[in-house]
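What follows is the content of final.cif, which has mmCIF, C-alpha atoms:
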data_structure
#
loop_
_atom_site.label_atom_id
_atom_site.label_comp_id
_atom_site.auth_asym_id
_atom_site.auth_seq_id
_atom_site.Cartn_x
_atom_site.Cartn_y
_atom_site.Cartn_z
CA MET A 1 9.51 -27.15 19.18
CA THR A 2 6.66 -25.87 21.32
CA SER A 3 3.64 -24.09 19.87
CA ALA A 4 4.66 -20.81 21.53
CA THR A 5 8.17 -21.05 20.08
CA ALA A 6 6.80 -21.78 16.62
CA VAL A 7 4.49 -18.77 16.81
CA ALA A 8 7.35 -16.53 18.01
CA ASN A 9 9.61 -17.74 15.20
CA ALA A 10 6.87 -17.15 12.64
CA GLU A 11 6.30 -13.62 13.94
CA ASN A 12 10.02 -12.87 13.81
CA LYS A 13 10.16 -14.08 10.23
CA GLY A 14 7.07 -12.06 9.36
CA ALA A 15 8.54 -8.94 10.95
CA ALA A 16 11.71 -9.37 8.89
CA GLN A 17 9.69 -9.89 5.71
CA LEU A 18 7.48 -6.83 6.27
CA THR A 19 10.46 -4.66 7.25
CA ALA A 20 12.21 -5.69 4.04
CA ALA A 21 9.08 -4.93 2.01
CA MET A 22 8.67 -1.49 3.58
CA MET A 23 12.36 -0.70 3.06
CA LEU A 24 11.98 -1.59 -0.60
CA SER A 25 8.92 0.65 -0.77
CA GLY A 26 10.98 3.48 0.71
CA THR A 27 13.40 3.30 -2.22
CA LEU A 28 10.64 3.52 -4.82
CA GLY A 29 10.92 7.29 -5.23
CA VAL A 30 14.57 7.05 -6.21
CA PHE A 31 13.75 4.45 -8.87
CA VAL A 32 10.99 6.69 -10.26
CA VAL A 33 13.17 9.79 -10.44
CA GLU A 34 16.27 8.01 -11.76
CA SER A 35 14.30 6.35 -14.56
CA GLY A 36 13.90 9.80 -16.13
CA ALA A 37 10.54 8.77 -17.60
CA SER A 38 7.24 10.62 -17.31
CA PRO A 39 4.84 9.46 -14.56
CA PHE A 40 2.51 7.82 -17.09
CA ASN A 41 5.40 5.96 -18.73
CA VAL A 42 6.79 4.92 -15.33
CA VAL A 43 3.45 3.47 -14.21
CA PHE A 44 2.84 1.77 -17.57
CA PHE A 45 6.11 -0.12 -17.43
CA ARG A 46 5.69 -0.77 -13.72
CA VAL A 47 2.38 -2.57 -14.31
CA LEU A 48 3.78 -4.35 -17.38
CA PHE A 49 6.85 -5.76 -15.62
CA GLY A 50 4.89 -6.18 -12.39
CA ALA A 51 2.29 -8.31 -14.16
CA LEU A 52 5.04 -10.55 -15.54
CA ALA A 53 6.60 -10.92 -12.09
CA LEU A 54 3.36 -11.55 -10.18
CA GLY A 55 1.98 -13.78 -12.94
CA GLY A 56 5.13 -15.90 -12.96
CA TYR A 57 5.06 -16.25 -9.18
CA ALA A 58 1.36 -17.18 -9.10
CA LEU A 59 1.89 -19.72 -11.89
CA ALA A 60 4.86 -21.30 -10.14
CA ARG A 61 2.90 -21.61 -6.88
CA GLY A 62 -0.18 -23.05 -8.59
CA TYR A 63 -2.42 -20.17 -7.50
CA PHE A 64 -4.45 -20.17 -10.73
CA ARG A 65 -5.96 -23.54 -9.83
CA GLY A 66 -9.15 -22.89 -7.92
CA HIS A 67 -8.56 -19.14 -8.12
CA GLY A 68 -11.91 -18.33 -6.48
CA PHE A 69 -12.84 -15.40 -8.73
CA THR A 70 -16.50 -14.77 -9.56
CA PRO A 71 -17.75 -12.14 -12.02
CA ARG A 72 -18.46 -9.86 -9.04
CA THR A 73 -15.07 -10.22 -7.35
CA LEU A 74 -13.24 -9.97 -10.67
CA GLY A 75 -15.09 -6.72 -11.38
CA LEU A 76 -14.23 -5.38 -7.91
CA ALA A 77 -10.57 -6.27 -8.41
CA ALA A 78 -10.56 -4.48 -11.77
CA LEU A 79 -12.20 -1.39 -10.24
CA GLY A 80 -9.60 -1.40 -7.48
CA GLY A 81 -6.96 -1.58 -10.19
CA VAL A 82 -8.25 1.60 -11.82
CA PHE A 83 -7.88 3.43 -8.51
CA ILE A 84 -4.45 1.95 -7.80
CA VAL A 85 -3.00 2.76 -11.22
CA PHE A 86 -4.00 6.42 -11.19
CA ASN A 87 -2.96 6.65 -7.55
CA TRP A 88 0.56 5.75 -8.66
CA VAL A 89 0.50 8.30 -11.49
CA LEU A 90 -0.52 11.10 -9.11
CA LEU A 91 2.04 10.09 -6.49
CA PHE A 92 4.87 10.06 -9.02
CA GLN A 93 3.77 13.45 -10.35
CA SER A 94 3.87 14.70 -6.76
CA TYR A 95 7.52 13.62 -6.50
CA GLU A 96 8.31 16.00 -9.35
CA ASN A 97 6.40 18.96 -7.93
CA THR A 98 7.37 18.68 -4.24
CA SER A 99 9.94 16.13 -3.07
CA ILE A 100 9.96 12.42 -2.28
CA SER A 101 9.90 13.22 1.45
CA VAL A 102 6.95 15.59 1.43
CA ALA A 103 4.96 13.55 -1.08
CA THR A 104 5.48 10.32 0.89
CA VAL A 105 4.44 11.76 4.26
CA VAL A 106 1.38 13.45 2.75
CA TYR A 107 0.55 10.18 0.96
CA HIS A 108 0.72 8.35 4.28
CA THR A 109 -2.65 9.86 5.25
CA GLN A 110 -4.25 6.91 3.42
CA PRO A 111 -5.64 5.20 6.58
CA PHE A 112 -7.70 8.27 7.41
CA TYR A 113 -9.31 8.31 4.00
CA VAL A 114 -10.25 4.65 4.43
CA VAL A 115 -12.08 5.49 7.66
CA LEU A 116 -13.73 8.64 6.30
CA LEU A 117 -14.78 7.04 3.01
CA GLY A 118 -16.10 3.99 4.84
CA ALA A 119 -18.30 6.21 6.98
CA LEU A 120 -19.43 8.29 4.00
CA LEU A 121 -20.03 5.55 1.42
CA PHE A 122 -20.85 2.49 3.50
CA ARG A 123 -22.11 4.02 6.74
CA GLU A 124 -19.33 2.40 8.72
CA ARG A 125 -19.13 3.67 12.29
CA LEU A 126 -17.03 6.80 12.85
CA THR A 127 -16.52 7.45 16.55
CA ALA A 128 -15.74 10.82 18.07
CA ALA A 129 -12.31 9.49 19.07
CA LYS A 130 -11.49 8.50 15.48
CA ALA A 131 -12.69 11.87 14.20
CA GLY A 132 -10.45 13.60 16.73
CA TRP A 133 -7.37 11.61 15.72
CA ILE A 134 -8.08 12.26 12.05
CA ALA A 135 -8.33 15.99 12.78
CA LEU A 136 -4.98 15.82 14.58
CA ALA A 137 -3.45 14.00 11.62
CA PHE A 138 -4.56 16.66 9.18
CA ALA A 139 -3.16 19.33 11.49
CA GLY A 140 0.14 17.46 11.17
CA LEU A 141 -0.40 17.33 7.43
CA VAL A 142 -0.64 21.13 7.28
CA LEU A 143 2.71 21.37 9.06
CA VAL A 144 4.44 18.71 6.96
CA SER A 145 3.22 20.12 3.65
CA GLY A 146 4.89 23.47 4.38
CA VAL A 147 2.19 25.23 2.38
CA THR A 148 1.90 28.96 3.19
CA PRO A 149 -0.85 31.48 2.38
CA ALA A 150 1.41 32.79 -0.37
CA ASP A 151 1.22 29.40 -2.11
CA PHE A 152 -2.56 29.71 -2.30
CA ALA A 153 -2.30 33.25 -3.62
CA ASN A 154 0.33 32.51 -6.23
CA GLY A 155 -0.50 28.92 -7.08
CA GLY A 156 2.57 27.13 -8.38
CA THR A 157 3.81 23.59 -8.76
CA TYR A 158 4.49 22.96 -5.07
CA LEU A 159 0.86 23.40 -4.05
CA THR A 160 -0.14 21.27 -7.04
CA GLY A 161 2.23 18.52 -5.87
CA VAL A 162 0.76 18.47 -2.36
CA GLY A 163 -2.70 18.21 -3.88
CA GLN A 164 -1.58 15.35 -6.12
CA ALA A 165 -0.25 13.40 -3.11
CA LEU A 166 -3.54 13.96 -1.26
CA LEU A 167 -5.56 12.82 -4.27
CA ALA A 168 -3.29 9.78 -4.64
CA ALA A 169 -4.00 8.88 -1.00
CA LEU A 170 -7.73 9.29 -1.64
CA LEU A 171 -7.60 6.89 -4.62
CA TYR A 172 -5.63 4.41 -2.51
CA GLY A 173 -8.35 4.63 0.13
CA LEU A 174 -11.04 3.92 -2.47
CA SER A 175 -9.10 0.89 -3.72
CA THR A 176 -8.76 -0.40 -0.16
CA LEU A 177 -12.50 -0.13 0.44
CA VAL A 178 -13.23 -1.96 -2.81
CA THR A 179 -10.77 -4.80 -2.22
CA LYS A 180 -11.91 -5.26 1.39
CA ARG A 181 -15.09 -6.65 -0.13
CA ILE A 182 -13.31 -9.36 -2.10
CA THR A 183 -13.23 -12.70 -0.31
CA GLY A 184 -12.06 -16.19 -1.23
CA VAL A 185 -9.31 -14.99 -3.59
CA ARG A 186 -5.58 -14.92 -2.97
CA PRO A 187 -4.19 -11.38 -2.63
CA HIS A 188 -1.51 -12.15 -5.21
CA LEU A 189 -4.20 -12.79 -7.81
CA ILE A 190 -6.09 -9.62 -6.87
CA ALA A 191 -2.89 -7.62 -7.26
CA LEU A 192 -2.22 -9.36 -10.59
CA VAL A 193 -5.65 -8.32 -11.90
CA GLN A 194 -5.03 -4.76 -10.75
CA VAL A 195 -1.74 -4.40 -12.61
CA LEU A 196 -3.13 -6.15 -15.69
CA VAL A 197 -5.96 -3.60 -15.78
CA GLY A 198 -3.34 -0.86 -15.83
CA ILE A 199 -1.79 -2.03 -19.12
CA PRO A 200 -4.70 -1.15 -21.48
CA LEU A 201 -5.77 1.69 -19.18
CA LEU A 202 -2.44 3.51 -19.49
CA LEU A 203 -1.61 2.54 -23.05
CA PRO A 204 -3.25 5.67 -24.56
CA PHE A 205 -1.21 7.89 -22.20
CA ALA A 206 2.17 6.21 -22.67
CA ASP A 207 4.69 8.02 -24.88
CA PHE A 208 6.87 5.30 -26.33
CA GLY A 209 8.74 7.77 -28.49
CA ALA A 210 10.13 9.37 -25.34
CA MET A 211 11.63 6.02 -24.32
CA ARG A 212 14.05 5.85 -27.28
CA GLY A 213 17.63 5.97 -26.16
CA THR A 214 16.66 5.38 -22.54
CA GLY A 215 19.46 2.79 -22.29
CA ALA A 216 20.50 1.89 -18.75
CA ASP A 217 17.47 3.71 -17.36
CA TRP A 218 15.40 0.68 -18.33
CA GLY A 219 16.94 -1.04 -15.32
CA TRP A 220 15.09 1.36 -13.01
CA LEU A 221 11.78 0.61 -14.75
CA VAL A 222 12.32 -3.14 -14.63
CA GLY A 223 13.17 -2.77 -10.94
CA LEU A 224 9.89 -0.94 -10.29
CA GLY A 225 7.97 -3.87 -11.74
CA VAL A 226 9.98 -6.85 -10.53
CA VAL A 227 11.22 -5.51 -7.17
CA HIS A 228 8.68 -2.88 -6.08
CA THR A 229 5.63 -4.72 -7.39
CA GLY A 230 6.50 -8.42 -7.63
CA LEU A 231 8.95 -9.07 -4.80
CA MET A 232 7.58 -6.40 -2.46
CA TYR A 233 3.99 -7.68 -2.69
CA VAL A 234 5.07 -11.29 -2.15
CA LEU A 235 7.00 -10.29 0.98
CA MET A 236 4.09 -8.26 2.34
CA TYR A 237 1.48 -10.96 1.85
CA ALA A 238 3.75 -13.59 3.42
CA ALA A 239 4.36 -11.29 6.40
CA TYR A 240 0.68 -10.46 6.97
CA ALA A 241 -0.09 -14.14 7.61
CA LYS A 242 2.38 -14.21 10.49
CA LEU A 243 1.92 -10.85 12.24
CA PRO A 244 -0.66 -9.31 14.57
CA THR A 245 -2.23 -6.02 13.52
CA ALA A 246 -0.17 -3.99 16.00
CA LYS A 247 3.15 -5.03 14.43
CA ILE A 248 1.85 -4.46 10.92
CA ALA A 249 0.76 -0.92 11.80
CA VAL A 250 4.05 -0.03 13.48
CA LEU A 251 6.31 -1.56 10.84
CA ALA A 252 4.39 0.28 8.11
CA PHE A 253 6.18 3.46 9.16
CA THR A 254 9.46 1.98 7.94
CA TYR A 255 8.31 3.05 4.46
CA PRO A 256 8.13 6.84 4.97
CA ALA A 257 11.20 6.79 7.22
CA VAL A 258 13.33 5.08 4.56
CA ALA A 259 11.88 7.32 1.83
CA MET A 260 12.91 10.44 3.76
CA VAL A 261 16.42 9.08 4.38
CA MET A 262 16.81 8.16 0.70
CA ASP A 263 15.59 11.58 -0.41
CA TRP A 264 18.18 13.23 1.84
CA ALA A 265 21.04 10.84 0.99
CA VAL A 266 20.54 10.85 -2.80
CA TYR A 267 19.11 14.29 -3.54
CA GLY A 268 19.93 16.35 -0.45
CA HIS A 269 16.25 17.05 0.21
CA HIS A 270 14.99 17.23 3.77
CA ILE A 271 11.97 18.68 5.50
CA GLY A 272 12.36 21.73 7.73
CA LEU A 273 12.00 21.90 11.50
CA VAL A 274 8.40 23.13 11.42
CA GLN A 275 7.49 20.46 8.87
CA ALA A 276 9.13 17.81 11.05
CA LEU A 277 6.79 18.71 13.91
CA GLY A 278 3.89 17.38 11.87
CA VAL A 279 5.37 13.90 11.39
CA PRO A 280 4.77 12.59 14.96
CA LEU A 281 1.20 13.93 14.80
CA ILE A 282 0.48 11.88 11.67
CA VAL A 283 2.28 8.80 13.04
CA THR A 284 0.46 8.88 16.38
CA ALA A 285 -2.95 9.49 14.82
CA SER A 286 -2.39 6.75 12.24
CA LEU A 287 -1.56 4.21 14.94
CA LYS A 288 -4.57 5.23 17.02
CA VAL A 289 -6.91 4.92 14.06
CA THR A 290 -5.40 1.74 12.62
CA LEU A 291 -4.72 -0.37 15.69
CA PRO A 292 -7.49 -2.50 17.19
CA ARG A 293 -8.99 -1.13 20.37
CA ALA A 294 -8.34 -4.45 22.07
CA ALA A 295 -5.56 -6.58 20.67
CA GLY A 296 -6.92 -9.51 18.71
CA THR A 297 -10.60 -8.64 19.30
CA THR A 298 -12.14 -5.46 17.99
CA ALA A 299 -10.53 -3.56 15.12
CA THR A 300 -11.06 -0.28 13.39
CA ASP A 301 -12.23 -0.34 9.79
CA GLY A 302 -8.75 0.26 8.42
CA ALA A 303 -7.27 -2.69 10.31
CA ALA A 304 -10.05 -5.22 9.79
CA GLY A 305 -8.24 -7.06 7.01
CA ALA A 306 -5.04 -7.36 9.02
CA VAL A 307 -6.91 -8.73 12.03
CA GLY A 308 -8.68 -11.27 9.85
CA ILE A 309 -5.42 -12.55 8.39
CA SER A 310 -3.79 -12.71 11.83
CA ARG A 311 -6.66 -14.82 13.13
CA PHE A 312 -6.38 -17.11 10.13
CA ALA A 313 -2.67 -17.54 10.83
CA ARG A 314 -3.41 -18.47 14.46
CA ILE A 315 -5.94 -21.09 13.38
CA THR A 316 -3.41 -22.57 10.95
CA ARG A 317 -0.60 -22.68 13.51
CA THR A 318 -2.53 -23.83 16.58
CA GLY A 319 -5.54 -25.68 15.23
CA ARG A 320 -7.80 -23.70 17.60
CA THR A 321 -10.49 -21.25 16.61
CA PRO A 322 -10.31 -17.84 18.34
CA ARG A 323 -13.27 -16.57 20.32
CA THR A 324 -14.05 -13.92 17.75
CA PRO A 325 -14.98 -15.17 14.27
CA VAL A 326 -12.68 -14.89 11.30
CA ALA A 327 -13.59 -11.81 9.30
CA VAL A 328 -13.64 -13.52 5.91
CA PRO A 329 -13.76 -17.10 4.58
CA VAL A 330 -10.42 -18.56 3.54
CA PRO A 331 -10.03 -21.47 1.11
CA ARG A 332 -7.30 -24.07 1.44
CA THR A 333 -3.85 -22.81 0.54
CA ALA A 334 -1.60 -24.40 -2.01
CA ALA A 335 1.55 -23.39 -0.15
CA HIS A 336 3.07 -24.77 3.03
CA GLU A 337 3.17 -21.38 4.74
CA PRO A 338 -0.09 -19.81 5.97
CA GLU A 339 -1.32 -17.20 3.49
CA ALA A 340 -4.80 -15.73 3.62
CA ALA A 341 -6.77 -15.94 0.42
CA SER A 342 -8.90 -12.91 1.11
CA ARG A 343 -6.31 -10.34 2.05
CA PRO A 344 -6.95 -7.08 0.17
CA ALA A 345 -4.45 -6.35 -2.55
CA THR A 346 -4.12 -2.87 -1.08
CA PRO A 347 -2.85 -3.69 2.37
CA VAL A 348 -3.34 -1.67 5.54
CA ALA A 349 0.33 -0.88 5.60
CA SER A 350 0.64 2.14 3.40
CA GLU A 351 2.69 1.33 0.42
CA ALA A 352 3.21 2.70 -3.06
#
Please go through the file and, once you have read it, give me the structure as structure tokens.
Amino acid sequence: MTSATAVANAENKGAAQLTAAMMLSGTLGVFVVESGASPFNVVFFRVLFGALALGGYALARGYFRGHGFTPRTLGLAALGGVFIVFNWVLLFQSYENTSISVATVVYHTQPFYVVLLGALLFRERLTAAKAGWIALAFAGLVLVSGVTPADFANGGTYLTGVGQALLAALLYGLSTLVTKRITGVRPHLIALVQVLVGIPLLLPFADFGAMRGTGADWGWLVGLGVVHTGLMYVLMYAAYAKLPTAKIAVLAFTYPAVAMVMDWAVYGHHIGLVQALGVPLIVTASLKVTLPRAAGTTATDGAAGAVGISRFARITRTGRTPRTPVAVPVPRTAAHEPEAASRPATPVASEA
């Protein structure tokens, strides 16, 4: 098998893995709603079962040996976990107050927050072109949200739900910026720390009395931890090692597309015609902001981690070093497949 064929096969496998992960992510809203539990209870059991799933996988693969954590990186991972956990709580509350479709599309503004927060907090470069695309995206957001002046005058749960989805996206952006600064640690272990942090963090808010008599609904909660946290993360991290940034950015939109289809098929919810006009604005702006300006060379802030992992994958497959340096150092892997050890636990592809 030639090198080119091997690379093509790896990319095809990675595309299938990431598509599967994003399709799973698109079903998350149904699992949350069908569980019948409160958002705090849902997230508590998601992190509990997710920690068991990710911990078991990491143990089986030998990832705890030479884990690479330092006090600094462990603290950063824990801080990212605080943001991630409350991001989930807000997103799930938004499902209740709006709909899965609206909440998911509004939540998909995460890449723009990463760019804006990077410029604000870390003085990362914000070009006029990026600012223009972000402005276009938020114009699309106004259309998708369906908020009218009457909503501002009267308040109400719908406006609250849109705000919760926006705040959830902001927390996701903060977590991404934090985890971008963690190097030399496998993403599976970073994600494991983040969900472990959520257990004591959410314990005071969990209402175990409300879970009595839940019965078959426990299956939805177990699924959120094992499928939407364990399996989904493993698929994503395996895919990132095989795919260029462009494919990652495009395939990420499988998530909101599937979420909207599921919301319509299961609950009969769908966005209106005017709201639908905002979707292509957000999609186009997200791709323009996320994709590298020149494939494989220069990347925007939001895509830097994906470019770094793609370069690492090319080094592993071809044995040649690309002209541009790898963004972050990568220790030797314990697995046979190429997996970057410094990939942020909150990937560029927007996921819940």
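Near Thr254 (chain A), within 7 Å and counting all atoms listed in the file, sit Thr19, Met22, Met23, Leu251, Ala257 and Val258 of chain A; same-chain residues fewer than 3 positions away were not included.
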I'd like to know which of A:Leu141, A:Leu231, A:Met260, A:Ala238 is closest to Gly56 (chain A), using all atoms listed in the file. A:Leu231
CA of Thr127 (chain A) to CA of Val283 (chain A) measures 19.2 Å
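Note that CA of Asn12 (chain A) and CA of Lys247 (chain A) are 10.4 Å apart.
Atom pair CA of Ala77 (chain A) / CA of Phe253 (chain A): separated by 26.2 Å.
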For the structure provided, state which residues fall under the PyMOL selection byres ((chain A and resi 265-280) around 10), and present them as a PyMOL selection string. chain A and resi 30+99-102+105-106+136-147+256+259-264+281-286
Evaluate the PyMOL selection byres ((chain A and resi 62) around 12) and record the selected residues as a PyMOL selection string, following the chain and residue labels used in the document. chain A and resi 55-61+63-67+186+188-189+333-335
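Residue membership of the PyMOL selection byres ((chain A and resi 166-169) around 8) in the shown file amounts to Phe86, Asn87, Trp88, Val89, Leu90, Leu91, Val106, Tyr107, His108, Thr109, Gln110, Tyr113, Val162, Gly163, Gln164, Ala165, Leu170, Leu171, Tyr172 and Gly173 of chain A.
Checking A:Val115, A:Ala206, A:Ile84, A:Leu243 one by one against Ala10 (chain A), counting only C-alpha atoms, you find the shortest gap at A:Leu243.
Compared by their closest atoms to Phe92 (chain A), and using all atoms listed in the file, the residues A:Leu202, A:Leu28, A:Val178, A:Val185 rank with A:Leu28 nearest.
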